$ cat target35.txt   # compact mmCIF, C-alpha atoms
# COMPACT_ATOMS: atom_id res chain seq x y z
CA MET A 18 0.00 0.00 0.00
CA ILE A 19 2.81 2.42 0.90
CA GLY A 20 4.53 1.59 -2.40
CA LEU A 21 1.34 2.32 -4.31
CA ILE A 22 0.91 5.72 -2.63
CA SER A 23 4.59 6.53 -3.19
CA ASN A 24 4.32 5.72 -6.90
CA LEU A 25 1.12 7.75 -7.16
CA ILE A 26 2.82 10.79 -5.61
CA SER A 27 5.82 10.39 -7.93
CA GLY A 28 3.46 10.14 -10.89
CA VAL A 29 1.59 13.29 -9.90
CA SER A 30 4.91 15.12 -9.46
CA LEU A 31 6.20 14.07 -12.89
CA GLY A 32 2.79 14.72 -14.41
CA SER A 33 2.78 18.24 -12.96
CA VAL A 34 5.92 19.03 -14.96
CA TYR A 35 4.35 17.57 -18.10
CA ALA A 36 1.24 19.64 -17.41
CA ILE A 37 3.20 22.91 -17.20
CA ILE A 38 4.95 22.11 -20.50
CA ALA A 39 1.68 20.99 -22.10
CA LEU A 40 0.10 24.34 -21.22
CA GLY A 41 2.57 26.00 -23.60
CA TYR A 42 1.65 23.60 -26.40
CA THR A 43 -2.08 23.91 -25.86
CA MET A 44 -2.06 27.72 -25.61
CA VAL A 45 -0.15 28.14 -28.87
CA TYR A 46 -2.32 25.62 -30.67
CA GLY A 47 -5.55 26.99 -29.23
CA ILE A 48 -4.77 30.56 -30.27
CA ALA A 49 -2.38 30.38 -33.25
CA LYS A 50 -3.61 26.96 -34.49
CA MET A 51 -0.05 25.70 -34.92
CA LEU A 52 2.15 23.08 -33.26
CA ASN A 53 5.36 24.58 -31.90
CA PHE A 54 7.66 21.55 -31.87
CA ALA A 55 10.54 23.79 -30.76
CA HIS A 56 8.81 24.17 -27.39
CA GLY A 57 10.65 21.17 -25.93
CA ASP A 58 14.00 22.74 -26.73
CA VAL A 59 13.02 25.98 -24.99
CA ILE A 60 12.74 23.81 -21.86
CA MET A 61 16.36 22.78 -22.35
CA VAL A 62 17.49 26.38 -22.86
CA GLY A 63 15.74 27.48 -19.66
CA ALA A 64 17.38 24.71 -17.65
CA TYR A 65 20.83 25.56 -18.99
CA ILE A 66 20.44 29.28 -18.31
CA CYS A 67 19.46 28.53 -14.71
CA PHE A 68 22.40 26.12 -14.47
CA CYS A 69 24.85 28.74 -15.76
CA GLY A 70 23.38 31.45 -13.53
CA ILE A 71 24.02 29.36 -10.41
CA ASN A 72 27.32 27.67 -11.36
CA TYR A 73 29.11 30.38 -13.33
CA LEU A 74 27.55 33.67 -12.17
CA SER A 75 27.00 32.56 -8.55
CA LEU A 76 23.46 33.90 -8.58
CA PRO A 77 20.96 32.94 -5.87
CA PRO A 78 18.65 30.15 -7.10
CA VAL A 79 15.58 32.42 -7.18
CA VAL A 80 17.41 35.01 -9.30
CA ALA A 81 18.73 32.28 -11.63
CA VAL A 82 15.21 30.92 -12.12
CA LEU A 83 13.87 34.42 -12.85
CA LEU A 84 16.72 34.94 -15.33
CA ALA A 85 15.78 31.68 -17.07
CA ILE A 86 12.12 32.72 -17.26
CA ILE A 87 12.98 36.15 -18.68
CA ALA A 88 15.44 34.69 -21.21
CA CYS A 89 13.00 32.02 -22.40
CA THR A 90 10.16 34.54 -22.61
CA ALA A 91 12.34 36.73 -24.84
CA LEU A 92 13.41 33.66 -26.83
CA GLY A 93 9.77 32.72 -27.43
CA ILE A 94 8.99 36.21 -28.73
CA VAL A 95 12.04 36.15 -31.03
CA ILE A 96 11.20 32.68 -32.38
CA GLU A 97 7.61 33.70 -33.07
CA GLY A 98 8.62 36.97 -34.73
CA LEU A 99 11.39 35.54 -36.94
CA ALA A 100 10.17 32.03 -37.74
CA TYR A 101 6.38 31.91 -37.43
CA LYS A 102 5.01 35.40 -37.99
CA PRO A 103 6.07 35.52 -41.70
CA LEU A 104 4.20 32.22 -42.18
CA ARG A 105 0.91 33.41 -40.71
CA SER A 106 -0.95 32.69 -43.96
CA ALA A 107 1.23 29.80 -45.10
CA PRO A 108 0.04 26.16 -45.28
CA ASN A 109 0.23 24.17 -42.05
CA LEU A 110 2.95 21.92 -43.48
CA ALA A 111 5.29 24.90 -44.00
CA VAL A 112 4.79 26.01 -40.38
CA LEU A 113 5.37 22.46 -39.13
CA ILE A 114 8.63 22.11 -41.08
CA THR A 115 9.76 25.51 -39.78
CA ALA A 116 9.05 24.44 -36.19
CA ILE A 117 11.18 21.32 -36.67
CA GLY A 118 13.93 23.50 -38.17
CA VAL A 119 13.85 25.86 -35.17
CA SER A 120 14.06 22.83 -32.88
CA TYR A 121 17.20 21.55 -34.61
CA PHE A 122 18.69 25.06 -34.58
CA LEU A 123 18.24 25.32 -30.80
CA GLN A 124 19.66 21.83 -30.25
CA ASN A 125 22.78 22.47 -32.30
CA SER A 126 23.26 25.93 -30.82
CA ALA A 127 23.17 24.36 -27.34
CA LEU A 128 25.70 21.78 -28.48
CA LEU A 129 28.08 24.52 -29.62
CA ILE A 130 27.64 26.64 -26.50
CA TRP A 131 27.48 24.04 -23.72
CA LYS A 132 29.25 21.12 -25.44
CA SER A 133 28.14 17.50 -25.22
CA ASP A 134 29.40 16.51 -21.77
CA PRO A 135 26.62 15.80 -19.23
CA LYS A 136 26.20 18.26 -16.39
CA VAL A 137 24.67 17.74 -12.97
CA PHE A 138 21.98 20.27 -12.16
CA PRO A 139 22.50 21.96 -8.77
CA SER A 140 20.00 21.43 -5.98
CA ILE A 141 17.94 24.61 -5.74
CA ILE A 142 14.99 23.39 -3.65
CA LYS A 143 15.95 23.21 0.02
CA LEU A 144 12.51 22.33 1.40
CA GLU A 145 12.64 19.54 3.95
CA PRO A 146 10.82 16.31 3.03
CA ILE A 147 7.65 15.24 4.81
CA HIS A 148 7.61 11.84 6.54
CA CYS A 149 4.31 9.97 6.84
CA PHE A 150 3.20 6.62 8.29
CA ASP A 151 6.00 6.53 10.87
CA GLY A 152 8.64 7.30 8.27
CA GLN A 153 7.54 4.59 5.82
CA LEU A 154 6.50 7.20 3.24
CA THR A 155 8.68 10.19 2.40
CA ILE A 156 7.47 13.04 0.20
CA GLY A 157 10.45 15.02 -1.09
CA GLY A 158 10.67 18.78 -1.10
CA VAL A 159 11.06 18.82 -4.89
CA THR A 160 7.81 16.86 -5.23
CA LEU A 161 5.92 19.29 -3.03
CA VAL A 162 7.27 22.36 -4.84
CA THR A 163 6.55 20.82 -8.26
CA VAL A 164 2.92 20.03 -7.48
CA LEU A 165 2.42 23.42 -5.81
CA CYS A 166 3.93 25.23 -8.82
CA CYS A 167 1.61 23.34 -11.15
CA ILE A 168 -1.46 24.33 -9.11
CA VAL A 169 -0.35 27.99 -8.88
CA VAL A 170 0.42 28.17 -12.62
CA MET A 171 -2.92 26.60 -13.50
CA VAL A 172 -4.93 28.93 -11.26
CA CYS A 173 -3.05 32.07 -12.38
CA LEU A 174 -3.30 31.14 -16.05
CA THR A 175 -7.02 30.42 -15.77
CA LEU A 176 -7.66 33.75 -14.04
CA PHE A 177 -5.49 35.56 -16.61
CA ILE A 178 -7.33 34.02 -19.56
CA SER A 179 -10.79 34.56 -18.12
CA ARG A 180 -10.51 38.01 -16.52
CA SER A 181 -7.70 40.07 -18.03
CA LYS A 182 -8.08 42.16 -21.17
CA THR A 183 -5.22 40.32 -22.87
CA GLY A 184 -6.72 36.98 -21.88
CA LYS A 185 -10.06 37.93 -23.40
CA ALA A 186 -8.22 38.99 -26.56
CA MET A 187 -6.57 35.56 -26.65
CA ARG A 188 -9.95 33.86 -26.44
CA ALA A 189 -11.30 36.08 -29.22
CA VAL A 190 -8.33 35.31 -31.48
CA SER A 191 -8.71 31.59 -30.81
CA GLU A 192 -12.34 31.78 -31.94
CA ASP A 193 -11.86 33.85 -35.10
CA LYS A 194 -8.75 35.84 -36.03
CA VAL A 195 -10.48 37.93 -38.71
CA ALA A 196 -13.41 38.89 -36.50
CA ALA A 197 -11.05 39.69 -33.63
CA GLN A 198 -9.01 41.97 -35.89
CA LEU A 199 -12.19 43.74 -37.04
CA MET A 200 -13.01 44.38 -33.39
CA GLY A 201 -9.70 46.18 -32.92
CA ILE A 202 -7.64 43.38 -31.39
CA ASN A 203 -3.98 43.28 -32.40
CA VAL A 204 -3.76 39.64 -33.50
CA ASN A 205 0.02 39.60 -33.99
CA ARG A 206 0.68 41.04 -30.54
CA THR A 207 -1.76 38.59 -28.95
CA ILE A 208 -0.02 35.62 -30.56
CA SER A 209 3.38 36.99 -29.45
CA VAL A 210 2.12 37.26 -25.87
CA THR A 211 0.92 33.66 -26.10
CA PHE A 212 4.37 32.50 -27.20
CA ALA A 213 5.97 34.57 -24.43
CA ILE A 214 3.80 33.01 -21.71
CA GLY A 215 4.28 29.49 -23.08
CA SER A 216 8.07 29.92 -23.25
CA GLY A 217 8.21 31.34 -19.73
CA LEU A 218 6.31 28.29 -18.48
CA ALA A 219 8.77 26.08 -20.38
CA ALA A 220 11.62 27.60 -18.36
CA VAL A 221 9.80 26.84 -15.09
CA ALA A 222 9.18 23.27 -16.24
CA GLY A 223 12.81 22.82 -17.28
CA VAL A 224 14.07 23.91 -13.86
CA LEU A 225 11.58 21.69 -12.02
CA LEU A 226 12.36 18.70 -14.23
CA CYS A 227 16.11 19.04 -13.73
CA SER A 228 15.66 19.57 -10.00
CA ALA A 229 13.79 16.26 -9.80
CA TYR A 230 16.24 14.47 -12.12
CA PRO A 231 19.59 16.26 -11.56
CA THR A 232 21.47 14.77 -14.53
CA LEU A 233 20.84 17.47 -17.10
CA ILE A 234 20.85 15.89 -20.56
CA PRO A 235 22.61 18.34 -22.90
CA THR A 236 21.47 19.79 -26.24
CA THR A 237 17.90 18.48 -26.32
CA GLY A 238 14.59 18.68 -24.52
CA ALA A 239 12.91 16.55 -27.16
CA MET A 240 11.68 13.67 -24.99
CA PRO A 241 10.00 15.81 -22.27
CA GLY A 242 8.59 17.96 -25.08
CA ILE A 243 7.15 14.97 -26.94
CA LYS A 244 5.62 13.56 -23.76
CA ALA A 245 4.13 16.93 -22.85
CA PHE A 246 2.71 17.23 -26.36
CA THR A 247 1.24 13.76 -25.86
CA ALA A 248 -0.27 14.99 -22.58
CA ALA A 249 -1.82 17.99 -24.35
CA VAL A 250 -3.38 15.72 -26.99
CA PHE A 251 -4.38 13.23 -24.29
CA GLY A 252 -6.30 15.87 -22.32
CA GLY A 253 -7.62 17.67 -25.39
CA ILE A 254 -5.27 20.05 -27.15
CA GLY A 255 -6.50 23.61 -26.96
CA SER A 256 -8.01 23.06 -23.49
CA ILE A 257 -6.09 24.45 -20.51
CA PRO A 258 -7.77 22.14 -17.95
CA GLY A 259 -7.24 19.30 -20.43
CA ALA A 260 -3.50 20.01 -20.55
CA MET A 261 -3.26 19.76 -16.77
CA LEU A 262 -5.39 16.62 -16.56
CA GLY A 263 -3.53 14.99 -19.45
CA GLY A 264 -0.13 15.82 -17.95
CA ILE A 265 -0.94 14.39 -14.53
CA LEU A 266 -2.53 11.24 -15.98
CA LEU A 267 0.45 10.74 -18.28
CA GLY A 268 2.90 11.07 -15.38
CA VAL A 269 0.96 8.59 -13.26
CA ILE A 270 0.71 6.08 -16.13
CA GLU A 271 4.45 6.39 -16.84
CA ILE A 272 5.50 5.85 -13.20
CA PHE A 273 3.09 2.93 -12.71
CA ALA A 274 4.28 1.35 -15.98
CA LYS A 275 7.89 1.59 -14.80
CA ALA A 276 7.07 0.24 -11.34
CA TYR A 277 4.74 -2.63 -12.21
CA ILE A 278 5.32 -3.56 -15.86
CA SER A 279 8.67 -2.63 -17.40
CA THR A 280 11.06 0.30 -17.28
CA GLN A 281 12.14 -0.34 -20.87
CA PHE A 282 8.58 -0.38 -22.23
CA SER A 283 7.14 2.43 -20.13
CA ASP A 284 7.28 4.97 -22.97
CA ALA A 285 5.65 2.51 -25.37
CA ILE A 286 2.88 1.90 -22.84
CA VAL A 287 2.29 5.65 -22.48
CA PHE A 288 1.92 6.15 -26.23
CA ALA A 289 -0.23 3.00 -26.52
CA VAL A 290 -2.64 4.45 -23.95
CA LEU A 291 -2.73 7.67 -25.99
CA ILE A 292 -3.66 5.72 -29.12
CA VAL A 293 -6.47 3.91 -27.29
CA VAL A 294 -7.84 7.19 -25.89
CA LEU A 295 -7.78 8.86 -29.32
CA LEU A 296 -9.52 5.87 -30.89
CA ILE A 297 -12.30 6.16 -28.33
CA LYS A 298 -12.40 9.97 -28.10
CA PRO A 299 -10.42 11.63 -30.93
CA THR A 300 -10.69 15.11 -29.37
CA GLY A 301 -9.03 13.99 -26.12
CA ILE A 302 -10.55 13.69 -22.66
CA LEU A 303 -11.73 17.31 -22.28
CA GLY A 304 -11.55 18.31 -25.95
CA LYS A 305 -14.68 19.46 -27.73
CA LYS A 306 -15.75 18.62 -31.24
CA ILE A 307 -16.15 21.78 -33.31
CA SER A 308 -18.30 21.85 -36.43
CA GLU A 309 -17.12 24.14 -39.22
CA LYS A 310 -19.37 25.56 -41.90
CA VAL A 311 -18.00 25.28 -45.41
$ encode --input "target35.txt" --output "structure tokens"
Amino acid sequence: MIGLISNLISGVSLGSVYAIIALGYTMVYGIAKMLNFAHGDVIMVGAYICFCGINYLSLPPVVAVLLAIIACTALGIVIEGLAYKPLRSAPNLAVLITAIGVSYFLQNSALLIWKSDPKVFPSIIKLEPIHCFDGQLTIGGVTLVTVLCCIVVMVCLTLFISRSKTGKAMRAVSEDKVAAQLMGINVNRTISVTFAIGSGLAAVAGVLLCSAYPTLIPTTGAMPGIKAFTAAVFGGIGSIPGAMLGGILLGVIEIFAKAYISTQFSDAIVFAVLIVVLLIKPTGILGKKISEKV
């Protein structure tokens, strides 16, 4: 029983990271109707910037994390302005190929800057673990902070989207770009803000992921990015609550697959579950079917 609870907590912790990353995917898709496959590599950039801030600049962890968020936010705006904005009216395939190209550019740039040798991410979360059931169950400080961050991000993002002027503009653009523009909404600026928020969240997720798994894999954030994209599709891409639900479920499934089935086949099991869900409900768990008039 203790092992089951421990695995469940680990799954929720890992799923919370996937959920934060998936929010970036689902926001961009919901508003710009494009898949930003370079999002996973922004995670890697954020983790490395935090790593360099602590190790090379001797910055306090909080300052290093803020630096990573600011840098990734700026990076997201630059990527959107240089790579995606000129393709606003281009076919979806052209945008997809561009996203893959940006991903490879970030990976190879990281390889040139930080080289290929693995680096150990410094411990930045000093919160003491909680011991339950007479010490039989230990909940780590990183786990607590990760889950708390996910909840705070979800609540803040929901309030921002539903109540702020920019959030309402995002919802209008997601419904109909042309109508939103006719109503005086700056569509290009709204999409840039969406990329900025998504990239800032990617930096947070990168720091949390590397804090939980200190061996920082250099030059790529592809696997966490792919799994988070899977979580977004799982929950219903374009839905913010769906991204959170999909991320947590994906993390729980992955941890339980590793613990009770096979570590080697855990990823295959995760993607197999995704296929089954999409066969039953193609829009994802919380996704909605939208009818378009032709």
$ closest_residue --input "target35.txt" --among "A:Ser279, A:Gly215, A:Leu176, A:Cys167" --to "Leu31 (chain A)" --atoms "only C-alpha atoms"
A:Cys167
$ atom_distance --input "target35.txt" --atom1 "CA of Lys143 (chain A)" --atom2 "CA of Val162 (chain A)"
10.0 Å
$ closest_residue --input "target35.txt" --among "A:Ile292, A:Ile66, A:Ala220, A:Leu128" --to "Val34 (chain A)" --atoms "all atoms listed in the file"
A:Ala220
$ closest_residue --input "target35.txt" --among "A:Phe138, A:Phe212, A:Ala196, A:Val159" --to "Val95 (chain A)" --atoms "all atoms listed in the file"
A:Phe212
$ atom_distance --input "target35.txt" --atom1 "CA of Leu226 (chain A)" --atom2 "CA of Ile26 (chain A)"
15.1 Å
$ closest_residue --input "target35.txt" --among "A:Gly47, A:Gly242, A:Pro103, A:Gly268" --to "Thr211 (chain A)" --atoms "all atoms listed in the file"
A:Gly47
$ atom_distance --input "target35.txt" --atom1 "CA of Ile94 (chain A)" --atom2 "CA of Ala36 (chain A)"
21.5 Å
